[in-house]
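Coordinates from structure.tsv are shown below (TSV, C-alpha atoms).
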```
chain	number	residue	atom	x	y	z
A	1	MET	CA	86.74	127.76	80.29
A	2	VAL	CA	83.15	127.44	81.48
A	3	PHE	CA	82.41	125.86	78.09
A	4	LEU	CA	84.66	122.95	79.04
A	5	THR	CA	82.11	121.61	81.52
A	6	GLN	CA	79.49	121.62	78.76
A	7	VAL	CA	81.84	119.94	76.28
A	8	ILE	CA	82.74	117.22	78.78
A	9	THR	CA	79.11	116.45	79.59
A	10	ALA	CA	77.63	116.87	76.12
A	11	GLY	CA	78.05	114.47	73.25
A	12	GLY	CA	79.08	115.43	69.73
A	13	LEU	CA	82.83	115.03	70.19
A	14	PRO	CA	84.82	113.36	67.41
A	15	GLN	CA	85.21	109.60	67.75
A	16	ASP	CA	88.96	109.72	68.57
A	17	VAL	CA	88.43	112.26	71.38
A	18	GLN	CA	85.56	110.20	72.81
A	19	GLN	CA	87.80	107.11	72.77
A	20	LEU	CA	90.58	108.97	74.59
A	21	TRP	CA	88.20	110.08	77.35
A	22	THR	CA	86.51	106.68	77.60
A	23	ILE	CA	89.87	104.88	78.02
A	24	LYS	CA	91.09	107.52	80.50
A	25	THR	CA	87.94	107.22	82.61
A	26	TRP	CA	87.88	103.41	82.74
A	27	VAL	CA	91.60	103.19	83.52
A	28	ALA	CA	91.03	105.61	86.45
A	29	VAL	CA	88.07	103.50	87.67
A	30	VAL	CA	90.12	100.27	87.57
A	31	ALA	CA	93.04	102.03	89.33
A	32	ALA	CA	90.74	103.29	92.10
A	33	VAL	CA	89.33	99.77	92.67
A	34	LEU	CA	92.88	98.31	92.82
A	35	LEU	CA	93.97	101.02	95.28
A	36	TRP	CA	90.98	100.19	97.47
A	37	MET	CA	91.96	96.50	97.30
A	38	SER	CA	95.55	97.23	98.34
A	39	PHE	CA	94.42	99.03	101.51
A	40	LEU	CA	91.93	96.23	102.13
A	41	PHE	CA	94.87	93.80	102.08
A	42	LEU	CA	96.63	96.00	104.64
A	43	GLY	CA	93.53	95.85	106.86
A	44	LEU	CA	93.47	92.06	106.58
A	45	ALA	CA	97.20	91.93	107.34
A	46	ALA	CA	96.52	94.02	110.47
A	47	LYS	CA	93.81	91.51	111.44
A	48	ASN	CA	96.32	88.64	111.16
A	49	TYR	CA	98.88	90.65	113.14
A	50	GLU	CA	96.35	91.23	115.93
A	51	LYS	CA	95.39	87.54	115.97
A	52	VAL	CA	98.97	86.28	116.10
A	53	LEU	CA	100.73	88.88	118.25
A	54	ARG	CA	97.71	89.86	120.39
A	55	LYS	CA	98.17	93.56	119.89
A	56	ALA	CA	95.15	95.74	119.15
A	57	THR	CA	95.54	97.09	115.60
A	58	GLU	CA	91.99	98.39	115.02
A	59	TRP	CA	91.98	96.53	111.70
A	60	GLN	CA	88.25	97.20	111.27
A	61	PHE	CA	89.07	100.90	110.90
A	62	LEU	CA	91.68	100.09	108.24
A	63	ILE	CA	89.17	98.00	106.28
A	64	ILE	CA	86.38	100.60	106.36
A	65	ALA	CA	88.60	103.70	105.83
A	66	PRO	CA	89.33	103.29	102.08
A	67	SER	CA	85.65	102.74	101.19
A	68	GLY	CA	85.41	106.31	99.87
A	69	ILE	CA	87.92	105.42	97.13
A	70	LEU	CA	85.62	102.60	96.03
A	71	VAL	CA	82.56	104.90	96.16
A	72	TYR	CA	84.44	107.41	93.98
A	73	ALA	CA	85.12	104.63	91.43
A	74	ILE	CA	81.44	103.57	91.50
A	75	ILE	CA	80.23	107.17	90.99
A	76	GLN	CA	82.69	107.68	88.11
A	77	ALA	CA	81.72	104.37	86.45
A	78	GLY	CA	78.01	105.07	87.01
A	79	LEU	CA	78.26	108.50	85.36
A	80	VAL	CA	80.04	107.05	82.30
A	81	ILE	CA	77.51	104.25	81.90
A	82	LEU	CA	74.31	106.12	82.74
A	83	ALA	CA	75.02	109.70	81.66
A	84	GLY	CA	78.00	109.38	79.31
A	85	LYS	CA	80.04	111.82	81.42
A	86	TYR	CA	83.79	111.42	81.17
A	87	ARG	CA	84.63	113.55	84.17
A	88	LEU	CA	82.92	114.27	87.46
A	89	VAL	CA	81.24	117.66	87.17
A	90	GLY	CA	78.94	119.79	89.34
A	91	PHE	CA	77.47	118.22	92.48
A	92	ALA	CA	78.78	114.74	91.58
A	93	ALA	CA	82.33	116.15	91.53
A	94	TYR	CA	82.01	117.48	95.08
A	95	ILE	CA	80.56	114.17	96.28
A	96	GLY	CA	83.03	111.93	94.41
A	97	TYR	CA	86.20	113.91	94.97
A	98	GLY	CA	85.12	114.91	98.50
A	99	LEU	CA	84.62	111.27	99.48
A	100	PHE	CA	87.98	110.42	97.88
A	101	LEU	CA	89.70	113.08	100.01
A	102	ILE	CA	87.90	112.17	103.26
A	103	SER	CA	88.66	108.50	102.69
A	104	SER	CA	92.33	109.26	101.97
A	105	ILE	CA	92.63	111.24	105.21
A	106	ILE	CA	90.94	108.50	107.27
A	107	THR	CA	93.12	105.87	105.56
A	108	VAL	CA	96.36	107.71	106.35
A	109	ILE	CA	95.22	108.03	110.00
A	110	GLY	CA	94.56	104.26	110.12
A	111	VAL	CA	97.86	103.44	108.43
A	112	LEU	CA	99.78	105.71	110.85
A	113	ARG	CA	98.02	104.06	113.82
A	114	PHE	CA	99.02	100.60	112.59
A	115	TYR	CA	102.57	101.84	112.02
A	116	ARG	CA	102.73	103.05	115.65
A	117	VAL	CA	101.45	99.65	116.82
A	118	ILE	CA	104.07	97.64	114.95
A	119	MET	CA	106.83	100.04	116.00
A	120	GLY	CA	105.69	99.63	119.63
A	121	LYS	CA	105.08	103.36	120.02
A	122	ARG	CA	101.40	103.04	120.86
A	123	LYS	CA	100.21	103.15	124.47
A	124	LYS	CA	98.49	99.97	125.58
A	125	ARG	CA	94.78	100.37	126.15
A	126	HIS	CA	92.91	99.10	129.18
A	127	GLY	CA	92.13	95.41	128.80
A	128	GLU	CA	94.59	94.81	125.97
A	129	VAL	CA	96.48	91.53	126.10
A	130	ARG	CA	100.14	92.09	126.84
A	131	ASN	CA	102.53	90.44	124.43
A	132	GLY	CA	105.30	88.31	125.86
B	1	MET	CA	88.00	128.21	84.81
B	2	VAL	CA	86.17	124.92	85.10
B	3	LYS	CA	83.16	125.33	87.39
B	4	THR	CA	84.22	122.41	89.54
B	5	LEU	CA	87.85	123.48	89.89
B	6	PHE	CA	87.59	123.45	93.68
B	7	ALA	CA	86.34	119.85	93.58
B	8	GLU	CA	89.30	118.94	91.35
B	9	TYR	CA	91.63	120.34	94.00
B	10	LEU	CA	89.93	118.06	96.54
B	11	PHE	CA	90.99	115.12	94.34
B	12	VAL	CA	94.57	116.42	94.02
B	13	THR	CA	94.76	116.85	97.83
B	14	GLY	CA	93.39	113.31	98.24
B	15	GLU	CA	96.16	112.02	95.98
B	16	ILE	CA	98.81	113.83	98.07
B	17	VAL	CA	97.40	112.24	101.25
B	18	LEU	CA	97.39	108.81	99.55
B	19	ILE	CA	101.08	109.28	98.63
B	20	ILE	CA	101.82	109.66	102.37
B	21	ALA	CA	99.62	106.61	103.12
B	22	LEU	CA	101.51	104.52	100.53
B	23	ILE	CA	104.91	105.52	101.96
B	24	VAL	CA	103.83	104.57	105.51
B	25	PHE	CA	102.27	101.36	104.09
B	26	GLY	CA	105.74	100.62	102.65
B	27	LEU	CA	107.40	101.18	106.03
B	28	ILE	CA	104.85	98.84	107.66
B	29	LEU	CA	105.53	96.20	105.02
B	30	LYS	CA	109.28	96.55	105.55
B	31	LYS	CA	108.85	95.75	109.25
B	32	LEU	CA	106.29	92.98	108.75
B	33	LEU	CA	108.37	91.24	106.06
B	34	ARG	CA	111.27	91.11	108.51
B	35	LEU	CA	108.98	89.35	111.01
B	36	LEU	CA	108.06	86.80	108.33
B	37	ARG	CA	111.74	86.45	107.36
B	38	LYS	CA	110.97	87.45	103.80
B	39	PRO	CA	113.12	89.86	101.76
B	40	SER	CA	112.14	93.31	103.03
B	41	ILE	CA	113.25	94.79	99.70
B	42	PHE	CA	109.62	94.35	98.52
B	43	TRP	CA	108.68	97.50	100.39
B	44	ILE	CA	110.38	99.39	97.53
B	45	ILE	CA	107.37	98.40	95.39
B	46	LEU	CA	105.24	100.68	97.57
B	47	LEU	CA	107.76	103.50	97.24
B	48	ALA	CA	107.51	103.08	93.46
B	49	SER	CA	103.73	103.09	93.83
B	50	SER	CA	103.84	106.42	95.68
B	51	PHE	CA	106.16	107.83	93.00
B	52	PHE	CA	103.69	106.91	90.23
B	53	MET	CA	100.86	108.40	92.32
B	54	LEU	CA	102.88	111.62	92.44
B	55	LEU	CA	103.21	111.55	88.63
B	56	ALA	CA	99.45	110.96	88.31
B	57	MET	CA	98.84	113.95	90.58
B	58	VAL	CA	101.09	116.14	88.40
B	59	PHE	CA	99.22	115.06	85.23
B	60	HIS	CA	95.87	115.72	86.91
B	61	PHE	CA	97.10	119.14	87.99
B	62	ILE	CA	98.19	119.90	84.39
B	63	SER	CA	94.81	118.77	83.05
B	64	ILE	CA	92.84	121.08	85.36
B	65	SER	CA	95.08	124.08	84.77
B	66	GLU	CA	95.25	123.58	80.98
B	67	THR	CA	93.91	126.66	79.21
B	68	GLY	CA	94.45	125.67	75.56
B	69	SER	CA	92.74	127.28	72.62
B	70	ILE	CA	89.24	128.56	73.33
B	71	GLU	CA	88.67	128.91	69.58
B	72	ASP	CA	89.06	125.15	69.17
B	73	PRO	CA	87.41	123.36	72.11
B	74	VAL	CA	87.62	119.98	70.35
B	75	ASP	CA	91.40	120.31	70.06
B	76	LEU	CA	91.54	121.31	73.73
B	77	MET	CA	89.49	118.23	74.64
B	78	ARG	CA	91.84	116.08	72.57
B	79	ASN	CA	94.87	117.45	74.45
B	80	LEU	CA	93.16	117.05	77.81
B	81	GLY	CA	92.23	113.48	76.85
B	82	ARG	CA	95.88	112.71	76.05
B	83	ILE	CA	97.04	114.12	79.41
B	84	GLY	CA	94.18	112.18	81.01
B	85	ILE	CA	95.47	108.93	79.46
B	86	LEU	CA	98.92	109.60	80.94
B	87	GLU	CA	97.30	110.34	84.31
B	88	GLY	CA	95.23	107.16	84.11
B	89	ILE	CA	98.20	104.97	83.18
B	90	THR	CA	100.41	106.33	85.98
B	91	LEU	CA	97.53	105.94	88.46
B	92	LEU	CA	97.00	102.36	87.25
B	93	VAL	CA	100.71	101.50	87.58
B	94	SER	CA	100.67	102.97	91.10
B	95	ALA	CA	97.58	100.91	92.00
B	96	VAL	CA	98.98	97.70	90.47
B	97	PHE	CA	102.21	98.08	92.49
B	98	ALA	CA	100.25	98.75	95.69
B	99	VAL	CA	97.91	95.80	95.22
B	100	LEU	CA	100.85	93.52	94.30
B	101	ALA	CA	102.76	94.43	97.47
B	102	GLY	CA	99.67	94.21	99.70
B	103	GLY	CA	98.46	90.96	98.11
B	104	MET	CA	101.89	89.37	98.29
B	105	TYR	CA	102.24	90.12	102.00
B	106	PHE	CA	98.68	88.92	102.67
B	107	ARG	CA	99.44	85.60	100.90
B	108	TRP	CA	102.70	85.10	102.84
B	109	SER	CA	101.13	85.97	106.18
B	110	HIS	CA	98.36	83.44	105.58
B	111	ARG	CA	100.75	80.50	105.15
```

Once more with this new file: its structure as structure tokens, please.
Amino acid sequence: MVFLTQVITAGGLPQDVQQLWTIKTWVAVVAAVLLWMSFLFLGLAAKNYEKVLRKATEWQFLIIAPSGILVYAIIQAGLVILAGKYRLVGFAAYIGYGLFLISSIITVIGVLRFYRVIMGKRKKRHGEVRNG
Amino acid sequence: MVKTLFAEYLFVTGEIVLIIALIVFGLILKKLLRLLRKPSIFWIILLASSFFMLLAMVFHFISISETGSIEDPVDLMRNLGRIGILEGITLLVSAVFAVLAGGMYFRWSHR
């Protein structure tokens, strides 16, 4: 199926097939942006939690961690607009999907850290304000 | 095989990791909603989100392992496009649920 890469990147597909791929790509881009936003909300919620309960949540980590998902969406959207590519291929695929994976791993680490904080399973760090 | 098959597997692995992140996000929300004295049932939205992410992952997996008819690449592209639409819709539903749950909690915690 080496030809598939060429078909995806080259034009000349029937109109209906092009429409299918265009819709699919843009829906995936919107979904990636919304996913990034949802984890951003979690980071902001962690910030509020830290402010109110005076427990270190490392909310900055939670806000930065999902950035790779946003970069993936930008790369995908950029390739559709600038090069007419419906799917990440070649070097762009390794960059886009690689960043998506790295970001997912960092995000799950951040989310697990916050979970340990709210469950009271995390050791208090030096200088941290004790709660009640 | 598609030349970038390995890269596609990176994406599938990323989706699996995000499913775990969404489930833990749900557990966090369950606890935080209790603190705010709001119905903690809303954490189910994030469970639903992780379920739809799982579906999206399955559709993506099907689309990268699809062999189809080599004699008719256009037909193959049409089929892959249809699977891609299903993948996109399930991914979008998952994302909408996640952003709804996250946004709702953020709004409540700000009051």

State, in Å with one decimal place, the distance from atom CA of A:Ala31 to atom CA of A:Ile64.
->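 These two atoms are separated by 18.3 Å.
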
- Residues near B:Gly81, cut-off 10 Å, only C-alpha atoms, skip fewer than 5 positions along chain, as an MDAnalysis selection string: (chainID A and resid 16:25 86) or (chainID B and resid 63 75:76 86:87)

Inset, instruction - For chain B, list the residues within 7 Å of chain A, counting all atoms listed in the file, and write the list as a PyMOL selection string. - result: chain B and resi 1-4+7-8+10-11+13-14+17-18+21+24-25+28+74+77-78+81-82+84-85+88-89+91-92+95-96+98-99+102-103+106

Checklist entry - Can you tell me how far atom CA of B:Ala48 sits from atom CA of B:Leu22, in Å to one decimal? => result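 Separation between atom CA of B:Ala48 and atom CA of B:Leu22: 9.4 Å.
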
Taken to one decimal, the atom CA of B:Phe51-atom CA of B:Ser65 distance is 21.3 Å

Closest of A:Ile75, A:Arg87, A:Lys55, A:Gly68 to B:Leu5, counting only C-alpha atoms, is A:Arg87

Among B:Lys31, B:Arg107, B:Leu80, B:Leu36, B:Phe61 is approached most closely, using all atoms listed in the file, by B:Leu80

Q) Which of these residues is nearest to B:Trp43, using all atoms listed in the file: B:Met104, B:Leu29, B:Ile64, B:Ile20? A)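 When distances to B:Trp43 are compared using all atoms listed in the file, the smallest one comes from B:Leu29.
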
Some atoms are absent from stretch 16-45 of chain B, so rebuild N, CA and C atoms and return them as a PDB file, in the coordinates of the input.
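rebuild39.pdb written:
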```pdb
ATOM      1  N   ILE B  16      97.630 113.513  97.247  1.00  0.00           N
ATOM      2  CA  ILE B  16      98.810 113.830  98.070  1.00  0.00           C
ATOM      3  C   ILE B  16      98.755 113.025  99.382  1.00  0.00           C
ATOM      4  N   VAL B  17      97.562 112.983  99.987  1.00  0.00           N
ATOM      5  CA  VAL B  17      97.400 112.240 101.250  1.00  0.00           C
ATOM      6  C   VAL B  17      97.656 110.746 101.006  1.00  0.00           C
ATOM      7  N   LEU B  18      97.178 110.231  99.858  1.00  0.00           N
ATOM      8  CA  LEU B  18      97.390 108.810  99.550  1.00  0.00           C
ATOM      9  C   LEU B  18      98.873 108.501  99.328  1.00  0.00           C
ATOM     10  N   ILE B  19      99.630 109.477  98.807  1.00  0.00           N
ATOM     11  CA  ILE B  19     101.080 109.280  98.630  1.00  0.00           C
ATOM     12  C   ILE B  19     101.711 109.029 100.009  1.00  0.00           C
ATOM     13  N   ILE B  20     101.293 109.834 100.996  1.00  0.00           N
ATOM     14  CA  ILE B  20     101.820 109.660 102.370  1.00  0.00           C
ATOM     15  C   ILE B  20     101.408 108.274 102.890  1.00  0.00           C
ATOM     16  N   ALA B  21     100.124 107.908 102.653  1.00  0.00           N
ATOM     17  CA  ALA B  21      99.620 106.610 103.120  1.00  0.00           C
ATOM     18  C   ALA B  21     100.428 105.461 102.506  1.00  0.00           C
ATOM     19  N   LEU B  22     100.760 105.588 101.214  1.00  0.00           N
ATOM     20  CA  LEU B  22     101.510 104.520 100.530  1.00  0.00           C
ATOM     21  C   LEU B  22     102.939 104.409 101.076  1.00  0.00           C
ATOM     22  N   ILE B  23     103.552 105.549 101.398  1.00  0.00           N
ATOM     23  CA  ILE B  23     104.910 105.520 101.960  1.00  0.00           C
ATOM     24  C   ILE B  23     104.901 104.829 103.331  1.00  0.00           C
ATOM     25  N   VAL B  24     103.918 105.197 104.178  1.00  0.00           N
ATOM     26  CA  VAL B  24     103.830 104.570 105.510  1.00  0.00           C
ATOM     27  C   VAL B  24     103.483 103.083 105.372  1.00  0.00           C
ATOM     28  N   PHE B  25     102.612 102.756 104.411  1.00  0.00           N
ATOM     29  CA  PHE B  25     102.270 101.360 104.090  1.00  0.00           C
ATOM     30  C   PHE B  25     103.568 100.596 103.775  1.00  0.00           C
ATOM     31  N   GLY B  26     104.444 101.229 102.997  1.00  0.00           N
ATOM     32  CA  GLY B  26     105.740 100.620 102.650  1.00  0.00           C
ATOM     33  C   GLY B  26     106.589 100.368 103.881  1.00  0.00           C
ATOM     34  N   LEU B  27     106.615 101.333 104.792  1.00  0.00           N
ATOM     35  CA  LEU B  27     107.400 101.180 106.030  1.00  0.00           C
ATOM     36  C   LEU B  27     106.846 100.049 106.891  1.00  0.00           C
ATOM     37  N   ILE B  28     105.499  99.935 106.911  1.00  0.00           N
ATOM     38  CA  ILE B  28     104.850  98.840 107.660  1.00  0.00           C
ATOM     39  C   ILE B  28     105.254  97.501 107.055  1.00  0.00           C
ATOM     40  N   LEU B  29     105.186  97.442 105.728  1.00  0.00           N
ATOM     41  CA  LEU B  29     105.530  96.200 105.020  1.00  0.00           C
ATOM     42  C   LEU B  29     106.976  95.801 105.276  1.00  0.00           C
ATOM     43  N   LYS B  30     107.855  96.804 105.305  1.00  0.00           N
ATOM     44  CA  LYS B  30     109.280  96.550 105.550  1.00  0.00           C
ATOM     45  C   LYS B  30     109.464  95.832 106.890  1.00  0.00           C
ATOM     46  N   LYS B  31     108.750  96.329 107.906  1.00  0.00           N
ATOM     47  CA  LYS B  31     108.850  95.750 109.250  1.00  0.00           C
ATOM     48  C   LYS B  31     108.207  94.355 109.303  1.00  0.00           C
ATOM     49  N   LEU B  32     107.013  94.244 108.696  1.00  0.00           N
ATOM     50  CA  LEU B  32     106.290  92.980 108.750  1.00  0.00           C
ATOM     51  C   LEU B  32     107.010  91.868 107.965  1.00  0.00           C
ATOM     52  N   LEU B  33     107.640  92.236 106.853  1.00  0.00           N
ATOM     53  CA  LEU B  33     108.370  91.240 106.060  1.00  0.00           C
ATOM     54  C   LEU B  33     109.562  90.695 106.834  1.00  0.00           C
ATOM     55  N   ARG B  34     110.161  91.567 107.661  1.00  0.00           N
ATOM     56  CA  ARG B  34     111.270  91.110 108.510  1.00  0.00           C
ATOM     57  C   ARG B  34     110.781  90.064 109.504  1.00  0.00           C
ATOM     58  N   LEU B  35     109.574  90.305 110.053  1.00  0.00           N
ATOM     59  CA  LEU B  35     108.980  89.350 111.010  1.00  0.00           C
ATOM     60  C   LEU B  35     108.738  87.998 110.341  1.00  0.00           C
ATOM     61  N   LEU B  36     108.353  88.041 109.064  1.00  0.00           N
ATOM     62  CA  LEU B  36     108.060  86.800 108.330  1.00  0.00           C
ATOM     63  C   LEU B  36     109.323  86.180 107.727  1.00  0.00           C
ATOM     64  N   ARG B  37     110.451  86.855 107.927  1.00  0.00           N
ATOM     65  CA  ARG B  37     111.740  86.450 107.360  1.00  0.00           C
ATOM     66  C   ARG B  37     111.692  86.348 105.831  1.00  0.00           C
ATOM     67  N   LYS B  38     111.028  87.321 105.247  1.00  0.00           N
ATOM     68  CA  LYS B  38     110.970  87.450 103.800  1.00  0.00           C
ATOM     69  C   LYS B  38     111.819  88.657 103.404  1.00  0.00           C
ATOM     70  N   PRO B  39     112.295  88.704 102.156  1.00  0.00           N
ATOM     71  CA  PRO B  39     113.120  89.860 101.760  1.00  0.00           C
ATOM     72  C   PRO B  39     112.360  91.187 101.885  1.00  0.00           C
ATOM     73  N   SER B  40     112.863  92.059 102.764  1.00  0.00           N
ATOM     74  CA  SER B  40     112.140  93.310 103.030  1.00  0.00           C
ATOM     75  C   SER B  40     112.270  94.309 101.883  1.00  0.00           C
ATOM     76  N   ILE B  41     113.041  93.913 100.853  1.00  0.00           N
ATOM     77  CA  ILE B  41     113.250  94.790  99.700  1.00  0.00           C
ATOM     78  C   ILE B  41     111.912  95.078  98.982  1.00  0.00           C
ATOM     79  N   PHE B  42     110.907  94.187  99.203  1.00  0.00           N
ATOM     80  CA  PHE B  42     109.620  94.350  98.520  1.00  0.00           C
ATOM     81  C   PHE B  42     108.884  95.633  98.911  1.00  0.00           C
ATOM     82  N   TRP B  43     109.346  96.256  99.996  1.00  0.00           N
ATOM     83  CA  TRP B  43     108.680  97.500 100.390  1.00  0.00           C
ATOM     84  C   TRP B  43     108.970  98.617  99.378  1.00  0.00           C
ATOM     85  N   ILE B  44     110.027  98.420  98.581  1.00  0.00           N
ATOM     86  CA  ILE B  44     110.380  99.390  97.530  1.00  0.00           C
ATOM     87  C   ILE B  44     109.240  99.505  96.510  1.00  0.00           C
ATOM     88  N   ILE B  45     108.491  98.396  96.332  1.00  0.00           N
ATOM     89  CA  ILE B  45     107.370  98.400  95.390  1.00  0.00           C
ATOM     90  C   ILE B  45     106.369  99.500  95.785  1.00  0.00           C
TER      91      ILE B  45
END
```
